[in-house]
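Below is query07.txt, which holds compact mmCIF, C-alpha atoms.
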```txt
# COMPACT_ATOMS: atom_id res chain seq x y z
CA MET A 1255 101.80 102.79 174.23
CA THR A 1256 103.61 104.95 171.66
CA THR A 1257 107.31 105.54 172.25
CA VAL A 1258 108.55 108.96 171.14
CA LEU A 1259 112.14 110.13 170.82
CA VAL A 1260 112.49 113.80 171.76
CA SER A 1261 115.88 114.97 170.59
CA GLY A 1262 116.83 118.50 171.57
CA ASP A 1263 119.81 120.67 172.38
CA ASP A 1264 120.70 123.91 174.12
CA PHE A 1265 118.17 125.83 172.01
CA ILE A 1266 115.18 123.47 172.00
CA ASP A 1267 115.33 121.33 175.11
CA PRO A 1268 113.85 117.80 174.77
CA GLU A 1269 111.30 118.73 177.43
CA LEU A 1270 109.88 121.44 175.16
CA PHE A 1271 108.97 118.72 172.68
CA SER A 1272 107.49 116.33 175.22
CA ALA A 1273 105.49 119.04 176.98
CA ALA A 1274 104.07 120.27 173.67
CA LEU A 1275 103.13 116.75 172.58
CA ARG A 1276 101.46 116.00 175.92
CA GLU A 1277 99.43 119.17 175.46
CA SER A 1278 98.42 118.15 171.93
CA LEU A 1279 97.58 114.56 173.00
CA PRO A 1280 96.57 114.82 176.67
CA SER A 1281 94.87 111.43 176.84
CA ALA A 1282 97.30 109.42 174.70
CA GLY A 1283 99.58 106.77 176.11
CA LEU A 1284 103.02 108.18 175.40
CA SER A 1285 106.43 107.05 176.52
CA PHE A 1286 109.37 109.38 175.94
CA ARG A 1287 113.01 108.70 175.26
CA ALA A 1288 115.24 111.80 175.38
CA LEU A 1289 118.42 112.71 173.57
CA ARG A 1290 120.22 116.00 174.08
CA THR A 1291 122.94 116.90 171.61
CA ARG A 1292 125.19 119.91 171.98
CA TRP A 1293 124.42 123.18 170.28
CA PRO A 1294 127.05 123.62 167.55
CA ASN A 1295 128.83 126.79 168.63
CA GLU A 1296 130.90 126.21 165.53
CA PRO A 1297 128.88 125.87 162.31
CA PHE A 1298 127.42 122.54 161.25
CA GLY A 1299 129.41 119.82 159.57
CA PRO A 1300 128.43 116.73 157.59
CA VAL A 1301 127.34 113.59 159.45
CA GLY A 1302 127.21 110.09 158.04
CA GLY A 1303 129.29 108.04 155.69
CA ASP A 1304 126.61 107.14 153.16
CA GLY A 1305 125.75 110.57 151.80
CA GLY A 1306 124.83 111.84 155.23
CA VAL A 1307 123.38 115.21 156.07
CA LYS A 1308 125.13 118.56 156.15
CA GLU A 1309 123.47 120.50 158.97
CA ALA A 1310 123.23 118.32 162.04
CA SER A 1311 124.63 117.92 165.53
CA GLY A 1312 125.43 114.64 167.21
CA THR A 1313 126.31 111.22 165.83
CA GLU A 1314 124.45 108.39 164.18
CA GLU A 1315 125.39 106.15 167.09
CA GLN A 1316 123.79 108.56 169.59
CA VAL A 1317 120.55 108.65 167.61
CA LEU A 1318 120.35 104.89 167.13
CA GLU A 1319 121.00 104.23 170.82
CA ALA A 1320 118.39 106.79 171.88
CA LEU A 1321 115.72 105.62 169.42
CA GLY A 1322 115.27 102.15 170.84
CA ASP A 1323 111.71 101.10 169.99
CA ALA A 1324 110.49 104.64 169.23
CA SER A 1325 108.13 104.95 166.28
CA VAL A 1326 108.00 108.77 166.37
CA ALA A 1327 110.95 111.15 166.51
CA LEU A 1328 110.88 114.89 167.17
CA THR A 1329 114.18 116.64 166.59
CA GLN A 1330 115.93 119.94 166.11
CA MET A 1331 119.36 118.90 164.82
CA ALA A 1332 119.95 115.18 165.39
CA PRO A 1333 121.19 113.43 162.23
CA PHE A 1334 118.69 111.10 160.61
CA THR A 1335 120.94 109.69 157.93
CA ALA A 1336 120.28 106.80 155.57
CA ARG A 1337 122.01 104.52 158.06
CA VAL A 1338 119.86 105.66 160.98
CA ILE A 1339 116.68 105.18 158.95
CA ARG A 1340 117.84 101.77 157.73
CA GLU A 1341 118.73 100.55 161.23
CA ALA A 1342 115.56 101.86 162.91
CA PRO A 1343 112.81 99.73 161.31
CA ARG A 1344 110.18 100.78 163.88
CA LEU A 1345 110.50 104.47 163.05
CA LYS A 1346 107.40 105.75 161.23
CA PHE A 1347 107.49 109.55 161.61
CA ILE A 1348 110.18 112.27 161.84
CA GLY A 1349 109.26 115.81 162.87
CA VAL A 1350 111.96 118.45 162.41
CA ALA A 1351 111.73 121.76 164.28
CA ARG A 1352 113.43 123.77 161.55
CA GLY A 1353 112.44 125.66 158.44
CA GLY A 1354 113.56 122.69 156.35
CA PRO A 1355 114.52 119.10 157.29
CA VAL A 1356 118.20 119.60 156.48
CA ASN A 1357 119.30 117.12 159.16
CA VAL A 1358 117.30 114.29 157.56
CA ASP A 1359 118.28 112.24 154.51
CA LEU A 1360 114.98 112.95 152.80
CA ALA A 1361 115.55 110.48 149.97
CA ALA A 1362 116.17 107.67 152.46
CA ALA A 1363 113.12 108.61 154.53
CA THR A 1364 110.96 108.75 151.42
CA ALA A 1365 112.22 105.37 150.20
CA ALA A 1366 111.34 103.95 153.64
CA GLY A 1367 107.85 105.51 153.55
CA ILE A 1368 108.49 107.80 156.54
CA PRO A 1369 106.81 111.22 156.45
CA VAL A 1370 109.13 114.06 157.43
CA THR A 1371 107.61 117.32 158.64
CA PHE A 1372 109.16 120.73 159.18
CA THR A 1373 108.21 124.10 160.71
CA PRO A 1374 107.86 126.90 158.17
CA GLY A 1375 107.65 130.36 159.67
CA ARG A 1376 108.89 129.30 163.09
CA ASN A 1377 111.42 132.14 163.20
CA ALA A 1378 109.77 134.62 160.82
CA ALA A 1379 109.10 137.24 163.48
CA ALA A 1380 112.56 136.84 165.01
CA ALA A 1381 114.37 137.03 161.68
CA ALA A 1382 112.32 140.02 160.54
CA GLU A 1383 112.99 141.94 163.75
CA PHE A 1384 116.70 141.17 163.48
CA ALA A 1385 116.83 142.39 159.88
CA VAL A 1386 115.18 145.66 160.85
CA GLY A 1387 117.64 145.96 163.74
CA LEU A 1388 120.56 145.57 161.35
CA ILE A 1389 119.08 148.15 159.01
CA LEU A 1390 118.69 150.68 161.82
CA ALA A 1391 122.14 149.98 163.24
CA ALA A 1392 123.77 150.47 159.85
CA MET A 1393 121.78 153.57 158.85
CA ARG A 1394 122.23 155.36 162.18
CA ARG A 1395 125.86 154.31 162.84
CA ILE A 1396 124.82 152.72 166.14
CA THR A 1397 127.37 149.91 166.34
CA PHE A 1398 130.18 152.00 164.88
CA ALA A 1399 129.63 154.78 167.45
CA ASP A 1400 129.38 152.20 170.23
CA ALA A 1401 132.67 150.53 169.28
CA ALA A 1402 134.44 153.88 169.04
CA LEU A 1403 133.17 155.12 172.40
CA LYS A 1404 134.35 151.92 174.09
CA GLU A 1405 137.79 152.72 172.72
CA GLY A 1406 137.60 156.24 174.15
CA VAL A 1407 136.69 158.01 170.91
CA TRP A 1408 133.77 160.44 170.92
CA ARG A 1409 132.39 160.41 167.36
CA GLY A 1410 131.05 163.94 167.31
CA ASP A 1411 132.00 163.97 163.64
CA TYR A 1412 128.86 161.94 162.97
CA TYR A 1413 127.08 165.29 163.21
CA ALA A 1414 128.95 166.43 160.10
CA TYR A 1415 126.54 166.35 157.19
CA GLU A 1416 128.65 164.00 155.09
CA ASN A 1417 128.96 161.52 158.01
CA ALA A 1418 125.45 161.77 159.45
CA GLY A 1419 123.14 158.78 159.43
CA LEU A 1420 120.00 158.27 157.37
CA GLU A 1421 116.35 157.97 158.39
CA LEU A 1422 113.93 155.22 157.43
CA ASP A 1423 111.17 157.81 157.25
CA GLY A 1424 110.89 158.65 153.56
CA ALA A 1425 113.61 156.20 152.50
CA THR A 1426 113.16 153.74 149.64
CA VAL A 1427 113.99 150.25 150.90
CA GLY A 1428 114.28 147.27 148.58
CA LEU A 1429 113.47 143.76 149.76
CA VAL A 1430 114.82 140.89 147.66
CA GLY A 1431 112.39 138.09 148.49
CA TYR A 1432 108.88 138.39 149.88
CA GLY A 1433 108.05 135.34 151.93
CA ALA A 1434 106.93 135.31 155.55
CA ILE A 1435 110.01 137.19 156.78
CA GLY A 1436 110.06 139.77 153.99
CA ALA A 1437 106.38 140.54 154.53
CA ILE A 1438 106.93 141.29 158.24
CA VAL A 1439 109.96 143.45 157.45
CA ALA A 1440 107.87 145.40 154.93
CA ARG A 1441 105.12 146.00 157.47
CA VAL A 1442 107.59 147.36 160.02
CA LEU A 1443 109.37 149.54 157.45
CA ARG A 1444 106.10 151.04 156.26
CA ALA A 1445 105.28 151.92 159.86
CA PHE A 1446 108.55 153.90 159.89
CA GLY A 1447 107.39 155.73 156.76
CA SER A 1448 109.53 153.92 154.18
CA HIS A 1449 108.55 153.27 150.59
CA VAL A 1450 109.10 149.53 150.10
CA LEU A 1451 110.11 147.93 146.82
CA VAL A 1452 109.94 144.15 146.42
CA SER A 1453 111.66 141.90 143.89
CA ASP A 1454 110.32 138.35 143.97
CA PRO A 1455 109.09 136.46 140.88
CA TYR A 1456 106.78 134.38 143.06
CA ALA A 1457 105.15 137.24 144.96
CA ASP A 1458 101.38 137.58 144.57
CA PRO A 1459 100.65 141.01 143.01
CA ALA A 1460 97.31 141.23 144.82
CA ARG A 1461 98.98 140.59 148.16
CA ALA A 1462 101.71 143.11 147.40
CA GLN A 1463 99.14 145.76 146.57
CA ALA A 1464 97.20 145.02 149.74
CA ASP A 1465 100.42 145.22 151.76
CA GLY A 1466 101.27 148.60 150.27
CA VAL A 1467 104.54 147.53 148.63
CA GLU A 1468 105.66 148.01 145.04
CA LEU A 1469 106.66 144.97 142.99
CA THR A 1470 109.48 145.57 140.56
CA GLY A 1471 112.42 143.87 138.89
CA LEU A 1472 115.72 143.32 140.66
CA GLU A 1473 117.71 145.85 138.64
CA ASP A 1474 115.10 148.57 139.13
CA LEU A 1475 115.02 147.81 142.87
CA LEU A 1476 118.79 148.12 143.15
CA ARG A 1477 118.89 151.40 141.23
CA ARG A 1478 116.21 153.04 143.37
CA SER A 1479 116.87 151.73 146.90
CA SER A 1480 119.01 153.48 149.47
CA VAL A 1481 118.72 150.32 151.58
CA VAL A 1482 118.56 146.72 150.27
CA SER A 1483 117.75 143.75 152.51
CA LEU A 1484 117.92 140.13 151.33
CA HIS A 1485 115.16 137.64 152.18
CA ALA A 1486 115.10 135.16 149.29
CA ARG A 1487 115.50 131.40 149.44
CA VAL A 1488 118.67 129.81 148.13
CA THR A 1489 118.21 127.86 144.91
CA PRO A 1490 120.57 127.23 141.99
CA GLU A 1491 118.98 130.30 140.38
CA THR A 1492 119.45 132.60 143.39
CA ARG A 1493 123.03 131.67 144.29
CA HIS A 1494 125.01 134.93 143.99
CA LEU A 1495 121.83 136.67 142.94
CA ILE A 1496 123.45 139.84 144.24
CA ASN A 1497 126.85 140.15 142.56
CA ALA A 1498 129.44 142.58 141.23
CA GLY A 1499 127.41 143.31 138.12
CA ASN A 1500 124.21 144.40 139.80
CA LEU A 1501 125.79 145.83 142.97
CA ALA A 1502 127.19 148.53 140.71
CA LEU A 1503 123.59 149.69 140.16
CA LEU A 1504 123.18 150.79 143.80
CA PRO A 1505 123.01 154.50 144.58
CA GLU A 1506 126.17 155.95 146.08
CA GLY A 1507 126.28 155.26 149.82
CA ALA A 1508 123.60 152.57 149.85
CA VAL A 1509 123.18 150.19 152.79
CA LEU A 1510 123.15 146.43 152.13
CA VAL A 1511 121.84 143.88 154.65
CA ASN A 1512 121.99 140.09 154.42
CA SER A 1513 120.41 138.11 157.25
CA ALA A 1514 118.98 135.39 154.99
CA ARG A 1515 121.58 133.06 153.46
CA GLY A 1516 125.21 133.63 152.63
CA GLU A 1517 124.92 132.04 149.19
CA LEU A 1518 122.61 134.82 147.96
CA LEU A 1519 125.48 137.31 147.94
CA ASP A 1520 128.83 137.36 146.18
CA TYR A 1521 131.12 138.59 148.95
CA GLY A 1522 134.13 139.13 146.69
CA PRO A 1523 133.38 142.69 145.50
CA LEU A 1524 132.15 144.00 148.86
CA PRO A 1525 135.46 145.31 150.30
CA GLY A 1526 136.09 147.38 147.20
CA LEU A 1527 132.55 148.74 147.17
CA LEU A 1528 132.90 149.81 150.80
CA GLU A 1529 136.29 151.44 150.22
CA SER A 1530 134.94 153.35 147.22
CA GLY A 1531 131.81 154.52 149.07
CA ARG A 1532 129.41 152.83 146.66
CA LEU A 1533 128.32 150.94 149.75
CA GLY A 1534 127.87 153.25 152.70
CA ALA A 1535 127.42 150.39 155.15
CA LEU A 1536 127.09 146.63 155.16
CA ALA A 1537 125.31 144.50 157.78
CA LEU A 1538 125.71 140.71 157.73
CA ASP A 1539 124.39 137.83 159.82
CA VAL A 1540 125.25 135.10 157.27
CA TYR A 1541 128.36 134.35 155.24
CA ASP A 1542 129.73 132.38 152.33
CA ILE A 1543 132.03 130.63 154.83
CA GLU A 1544 130.87 130.27 158.43
CA PRO A 1545 132.63 131.41 160.49
CA PRO A 1546 134.58 133.79 158.27
CA PRO A 1547 138.33 133.10 158.42
CA ALA A 1548 140.70 135.34 160.38
CA ASP A 1549 142.05 136.89 157.18
CA TRP A 1550 138.59 137.65 155.76
CA PRO A 1551 138.88 141.03 153.99
CA LEU A 1552 135.64 142.39 155.44
CA HIS A 1553 137.06 142.19 158.96
CA LYS A 1554 139.07 145.30 158.13
CA ALA A 1555 136.67 147.01 155.74
CA PRO A 1556 134.97 150.23 156.91
CA ASN A 1557 131.34 150.44 158.08
CA VAL A 1558 130.67 146.72 158.44
CA ILE A 1559 128.37 145.13 161.04
CA THR A 1560 128.76 141.37 161.55
CA THR A 1561 126.81 138.99 163.79
CA PRO A 1562 127.16 135.16 164.05
CA HIS A 1563 124.00 133.87 162.33
CA LEU A 1564 121.71 134.98 165.16
CA ALA A 1565 118.59 136.21 163.35
CA GLY A 1566 116.37 133.33 164.47
CA ALA A 1567 117.71 133.03 168.00
CA THR A 1568 114.79 133.90 170.29
CA ARG A 1569 113.05 131.92 173.02
CA GLN A 1570 109.77 132.36 171.19
CA THR A 1571 111.26 130.70 168.11
CA ALA A 1572 112.22 127.65 170.18
CA ASP A 1573 108.78 127.45 171.82
CA ARG A 1574 107.00 127.91 168.49
CA ALA A 1575 109.13 125.33 166.68
CA ALA A 1576 108.53 122.70 169.37
CA ALA A 1577 104.78 123.38 169.35
CA ILE A 1578 104.47 123.15 165.55
CA THR A 1579 106.50 119.93 165.46
CA ALA A 1580 104.48 118.35 168.26
CA ALA A 1581 101.20 119.34 166.58
CA GLU A 1582 102.28 117.54 163.41
CA ALA A 1583 103.22 114.44 165.41
CA ALA A 1584 99.82 114.54 167.11
CA ARG A 1585 98.09 114.69 163.72
CA PHE A 1586 100.13 111.72 162.56
CA LEU A 1587 99.23 109.69 165.65
CA ARG A 1588 95.54 110.57 165.28
CA GLY A 1589 95.59 109.66 161.60
CA GLU A 1590 94.82 113.24 160.53
CA PRO A 1591 96.24 115.06 157.48
CA LEU A 1592 99.66 116.59 158.01
CA ARG A 1593 100.19 120.27 157.19
CA HIS A 1594 103.93 120.67 156.60
CA VAL A 1595 105.30 117.55 154.91
CA ALA A 1596 108.60 117.64 153.07
CA ASN A 1597 107.90 114.37 151.21
CA PRO A 1598 104.12 114.26 150.62
CA GLU A 1599 104.49 111.35 148.21
CA VAL A 1600 104.77 108.96 151.19
CA LEU A 1601 101.32 109.83 152.53
CA THR A 1602 99.58 107.26 150.39
CA GLY A 1603 101.65 104.49 151.92
CA GLY A 1604 104.06 104.76 154.78
CA ARG A 1605 106.48 102.35 156.40
CA PRO A 1606 104.73 99.05 157.17
```
Could you show the structure in this file as structure tokens?
Amino acid sequence: MTTVLVSGDDFIDPELFSAALRESLPSAGLSFRALRTRWPNEPFGPVGGDGGVKEASGTEEQVLEALGDASVALTQMAPFTARVIREAPRLKFIGVARGGPVNVDLAAATAAGIPVTFTPGRNAAAAAEFAVGLILAAMRRITFADAALKEGVWRGDYYAYENAGLELDGATVGLVGYGAIGAIVARVLRAFGSHVLVSDPYADPARAQADGVELTGLEDLLRRSSVVSLHARVTPETRHLINAGNLALLPEGAVLVNSARGELLDYGPLPGLLESGRLGALALDVYDIEPPPADWPLHKAPNVITTPHLAGATRQTADRAAAITAAEAARFLRGEPLRHVANPEVLTGGRP
């Protein structure tokens, strides 16, 4: 009998994990222990006193109590810190239902010989759709007109030429980053009739050509694009990739969208760029500080759309993440090769 900890929350219920694992291993003897942590309505904070993890929900004590004799753990946000790993000697596998195992002390897991899996692409469709929604809302003044009408103001002046919205049909849209999400965004934009530019040093030129997008450098993309949407990963090299220096290259009245990661964008120059009209509109789902403070300058800047880090929040994302995580656990229990391992160096050994 294999004991499995299924640790979920308000987004991925523990039962989603257990149902998916039963489906992947219908004839296996499985015993489940469940832990449900709260969904962090406020952004994540660090957990653990020995280095800990930065994006997790719940406590080390909750995880250790729930683990018991479990050898397999499936989780969305529970903290698997160095202490948890050290004090759970029976644990042999951790599956994380996120794009990266940020709630696991990966160094500690690796030192203990525990493979840690993750779920790349789980929210690609959701995040891509949300980005396109932000683009449309910003270009066509949808949220601004909605807010005004609810205050009793009929924005008929949006029919004035200088105030009218812009169409995606025929527009040049620049995508900074071309992974799974960027590729879906490009496909949707091309269906609208947009010309899509891509800046990504890791993009495959053959794939870009087949997808009908144009690869170019970042500065050229910024100069030519009436809309720019960010989809890159955050690395030391991409932190503040979009900054005061290159934002000045944008055409007058350009639309900027960031639904990827707050660290990609230097938020400091944005209020001035909006006031001057260099930026015609700004749409944000992620921030340098989450949530933005009450005195955040962009709260009062014109033509700004803000949402609380919602791009990946769909039911399908939760179902998909649980299924991918359970499939990896099933492969581990069957002794089959794993597909999405964050620490592949442990595969030659493993915790005894």
- Please provide as JSON, numbers by chain all residues within 12 Å of range 1270-1282 of chain A, with the sequence filter that same-chain residues fewer than 6 positions apart are discarded (counting all atoms listed in the file). {"A": [1255, 1256, 1257, 1258, 1259, 1260, 1261, 1262, 1263, 1264, 1288, 1289, 1290, 1326, 1327, 1328, 1329, 1330, 1349, 1350, 1351, 1569, 1570, 1571, 1572, 1573, 1574, 1575, 1576, 1577, 1578, 1579, 1580, 1581, 1582, 1583, 1584, 1585, 1586, 1587, 1588]}
Using all atoms of range 1416-1435 of chain A listed in the file and a margin of 6 Å per side, can you give the axis-aligned box centre and edge lengths in Å to one decimal, as JSON?
```
{"center_x": 117.9, "center_y": 149.7, "center_z": 153.6, "size_x": 34.0, "size_y": 40.7, "size_z": 23.8}
```
- Task: One decimal, Å: what's the distance from CA of Ile1339 in chain A over to CA of Ala1596 in chain A, could you say?
- Result: 16.0 Å
- Got a sec: who's within 12 Å of range 1399-1403 of chain A, counting all atoms listed in the file, leaving out chain neighbours fewer than 4 positions off, as a list in words? Ala1391, Ala1392, Met1393, Arg1394, Arg1395, Val1407, Trp1408, Arg1409, Gly1410, Asp1411, Tyr1412, Tyr1413, Asn1417, Ala1418, Gly1419, Asn1557, Val1558 and Ile1559 of chain A
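Every protein or nucleic acid residue with an atom no more than 9 Å from Leu1519 in chain A, counting all atoms listed in the file and leaving out same-chain residues fewer than 3 positions away, appears here: Leu1484, Thr1492, Arg1493, His1494, Leu1495, Ile1496, Asn1497, Asn1512, Arg1515, Gly1516, Gly1522, Tyr1541 and Asp1542 of chain A.
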How would the residues just chosen look if you wrote them out with C-alpha atoms as a CSV table (one decimal), keeping the file's coordinate frame?
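Listing of again_38.csv after writing:
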```
chain,number,residue,atom,x,y,z
A,1484,LEU,CA,117.9,140.1,151.3
A,1492,THR,CA,119.4,132.6,143.4
A,1493,ARG,CA,123.0,131.7,144.3
A,1494,HIS,CA,125.0,134.9,144.0
A,1495,LEU,CA,121.8,136.7,142.9
A,1496,ILE,CA,123.4,139.8,144.2
A,1497,ASN,CA,126.8,140.2,142.6
A,1512,ASN,CA,122.0,140.1,154.4
A,1515,ARG,CA,121.6,133.1,153.5
A,1516,GLY,CA,125.2,133.6,152.6
A,1522,GLY,CA,134.1,139.1,146.7
A,1541,TYR,CA,128.4,134.4,155.2
A,1542,ASP,CA,129.7,132.4,152.3
```
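Note that the spacing between CA of Tyr1521 in chain A and CA of Arg1444 in chain A amounts to 28.9 Å.
The two atoms in question, CA of Val1430 in chain A and CA of Leu1501 in chain A, are spaced 12.9 Å apart.
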- Note on the structure: Using all atoms listed in the file, the best pick from A:Asp1323, A:Asp1423, A:Glu1491, A:Glu1416 as closest to Gly1507 in chain A would be A:Glu1416
- Task: For Asn1597 in chain A, please output as a ChimeraX atom specification all residues within 12 Å (counting all atoms listed in the file; exclusion window: fewer than 6 positions along the same chain).
- Result: /A:1347-1349,1354-1355,1358-1372,1603-1604
- Non-local contacts of Pro1562 in chain A (9 Å; all atoms listed in the file; under 3 positions in same chain excluded) as number ranges by chain: A: 1538-1541, 1544-1545, 1565
Will you model N, CA and C atoms for range 1542-1571 of chain A and pass it back as a PDB file, in the coordinates of the input?
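Contents of out_28.pdb, freshly written:
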```pdb
ATOM      1  N   ASP A1542     129.437 133.450 153.275  1.00  0.00           N
ATOM      2  CA  ASP A1542     129.730 132.380 152.330  1.00  0.00           C
ATOM      3  C   ASP A1542     130.526 131.268 152.996  1.00  0.00           C
ATOM      4  N   ILE A1543     131.341 131.610 153.992  1.00  0.00           N
ATOM      5  CA  ILE A1543     132.030 130.630 154.830  1.00  0.00           C
ATOM      6  C   ILE A1543     131.716 130.974 156.277  1.00  0.00           C
ATOM      7  N   GLU A1544     131.214 130.001 157.039  1.00  0.00           N
ATOM      8  CA  GLU A1544     130.870 130.270 158.430  1.00  0.00           C
ATOM      9  C   GLU A1544     131.686 129.376 159.362  1.00  0.00           C
ATOM     10  N   PRO A1545     132.413 129.967 160.330  1.00  0.00           N
ATOM     11  CA  PRO A1545     132.630 131.410 160.490  1.00  0.00           C
ATOM     12  C   PRO A1545     133.626 131.935 159.465  1.00  0.00           C
ATOM     13  N   PRO A1546     133.589 133.232 159.184  1.00  0.00           N
ATOM     14  CA  PRO A1546     134.580 133.790 158.270  1.00  0.00           C
ATOM     15  C   PRO A1546     135.987 133.589 158.811  1.00  0.00           C
ATOM     16  N   PRO A1547     136.965 133.332 157.946  1.00  0.00           N
ATOM     17  CA  PRO A1547     138.330 133.100 158.420  1.00  0.00           C
ATOM     18  C   PRO A1547     138.959 134.372 158.987  1.00  0.00           C
ATOM     19  N   ALA A1548     140.051 134.205 159.712  1.00  0.00           N
ATOM     20  CA  ALA A1548     140.700 135.340 160.380  1.00  0.00           C
ATOM     21  C   ALA A1548     141.195 136.385 159.382  1.00  0.00           C
ATOM     22  N   ASP A1549     141.548 135.947 158.171  1.00  0.00           N
ATOM     23  CA  ASP A1549     142.050 136.890 157.180  1.00  0.00           C
ATOM     24  C   ASP A1549     140.976 137.376 156.214  1.00  0.00           C
ATOM     25  N   TRP A1550     139.720 137.216 156.608  1.00  0.00           N
ATOM     26  CA  TRP A1550     138.590 137.650 155.760  1.00  0.00           C
ATOM     27  C   TRP A1550     138.687 139.152 155.514  1.00  0.00           C
ATOM     28  N   PRO A1551     138.672 139.607 154.272  1.00  0.00           N
ATOM     29  CA  PRO A1551     138.880 141.030 153.990  1.00  0.00           C
ATOM     30  C   PRO A1551     137.876 141.963 154.662  1.00  0.00           C
ATOM     31  N   LEU A1552     136.649 141.502 154.867  1.00  0.00           N
ATOM     32  CA  LEU A1552     135.640 142.390 155.440  1.00  0.00           C
ATOM     33  C   LEU A1552     135.866 142.672 156.918  1.00  0.00           C
ATOM     34  N   HIS A1553     136.740 141.884 157.573  1.00  0.00           N
ATOM     35  CA  HIS A1553     137.060 142.190 158.960  1.00  0.00           C
ATOM     36  C   HIS A1553     137.675 143.580 159.096  1.00  0.00           C
ATOM     37  N   LYS A1554     138.372 144.013 158.068  1.00  0.00           N
ATOM     38  CA  LYS A1554     139.070 145.300 158.130  1.00  0.00           C
ATOM     39  C   LYS A1554     138.421 146.370 157.263  1.00  0.00           C
ATOM     40  N   ALA A1555     137.346 146.033 156.591  1.00  0.00           N
ATOM     41  CA  ALA A1555     136.670 147.010 155.740  1.00  0.00           C
ATOM     42  C   ALA A1555     135.890 148.001 156.599  1.00  0.00           C
ATOM     43  N   PRO A1556     135.694 149.230 156.119  1.00  0.00           N
ATOM     44  CA  PRO A1556     134.970 150.230 156.910  1.00  0.00           C
ATOM     45  C   PRO A1556     133.460 149.986 156.915  1.00  0.00           C
ATOM     46  N   ASN A1557     132.805 150.395 158.005  1.00  0.00           N
ATOM     47  CA  ASN A1557     131.340 150.440 158.080  1.00  0.00           C
ATOM     48  C   ASN A1557     130.681 149.082 157.862  1.00  0.00           C
ATOM     49  N   VAL A1558     131.207 148.070 158.546  1.00  0.00           N
ATOM     50  CA  VAL A1558     130.670 146.720 158.440  1.00  0.00           C
ATOM     51  C   VAL A1558     130.166 146.256 159.801  1.00  0.00           C
ATOM     52  N   ILE A1559     128.936 145.753 159.844  1.00  0.00           N
ATOM     53  CA  ILE A1559     128.370 145.130 161.040  1.00  0.00           C
ATOM     54  C   ILE A1559     128.302 143.632 160.788  1.00  0.00           C
ATOM     55  N   THR A1560     128.817 142.823 161.707  1.00  0.00           N
ATOM     56  CA  THR A1560     128.760 141.370 161.550  1.00  0.00           C
ATOM     57  C   THR A1560     128.241 140.729 162.833  1.00  0.00           C
ATOM     58  N   THR A1561     127.336 139.772 162.668  1.00  0.00           N
ATOM     59  CA  THR A1561     126.810 138.990 163.790  1.00  0.00           C
ATOM     60  C   THR A1561     126.843 137.511 163.385  1.00  0.00           C
ATOM     61  N   PRO A1562     126.931 136.579 164.352  1.00  0.00           N
ATOM     62  CA  PRO A1562     127.160 135.160 164.050  1.00  0.00           C
ATOM     63  C   PRO A1562     125.893 134.345 163.827  1.00  0.00           C
ATOM     64  N   HIS A1563     125.170 134.653 162.744  1.00  0.00           N
ATOM     65  CA  HIS A1563     124.000 133.870 162.330  1.00  0.00           C
ATOM     66  C   HIS A1563     122.980 133.762 163.478  1.00  0.00           C
ATOM     67  N   LEU A1564     122.560 134.916 163.976  1.00  0.00           N
ATOM     68  CA  LEU A1564     121.710 134.980 165.160  1.00  0.00           C
ATOM     69  C   LEU A1564     120.257 135.363 164.879  1.00  0.00           C
ATOM     70  N   ALA A1565     119.893 135.596 163.630  1.00  0.00           N
ATOM     71  CA  ALA A1565     118.590 136.210 163.350  1.00  0.00           C
ATOM     72  C   ALA A1565     117.420 135.437 163.943  1.00  0.00           C
ATOM     73  N   GLY A1566     117.495 134.120 163.967  1.00  0.00           N
ATOM     74  CA  GLY A1566     116.370 133.330 164.470  1.00  0.00           C
ATOM     75  C   GLY A1566     116.462 132.961 165.928  1.00  0.00           C
ATOM     76  N   ALA A1567     117.444 133.482 166.642  1.00  0.00           N
ATOM     77  CA  ALA A1567     117.710 133.030 168.000  1.00  0.00           C
ATOM     78  C   ALA A1567     116.886 133.788 169.028  1.00  0.00           C
ATOM     79  N   THR A1568     115.626 133.361 169.214  1.00  0.00           N
ATOM     80  CA  THR A1568     114.790 133.900 170.290  1.00  0.00           C
ATOM     81  C   THR A1568     114.133 132.730 171.028  1.00  0.00           C
ATOM     82  N   ARG A1569     113.755 132.963 172.257  1.00  0.00           N
ATOM     83  CA  ARG A1569     113.050 131.920 173.020  1.00  0.00           C
ATOM     84  C   ARG A1569     111.716 131.589 172.379  1.00  0.00           C
ATOM     85  N   GLN A1570     111.061 132.614 171.831  1.00  0.00           N
ATOM     86  CA  GLN A1570     109.770 132.360 171.190  1.00  0.00           C
ATOM     87  C   GLN A1570     109.916 131.448 169.974  1.00  0.00           C
ATOM     88  N   THR A1571     111.030 131.589 169.246  1.00  0.00           N
ATOM     89  CA  THR A1571     111.260 130.700 168.110  1.00  0.00           C
ATOM     90  C   THR A1571     111.358 129.252 168.580  1.00  0.00           C
TER      91      THR A1571
END
```
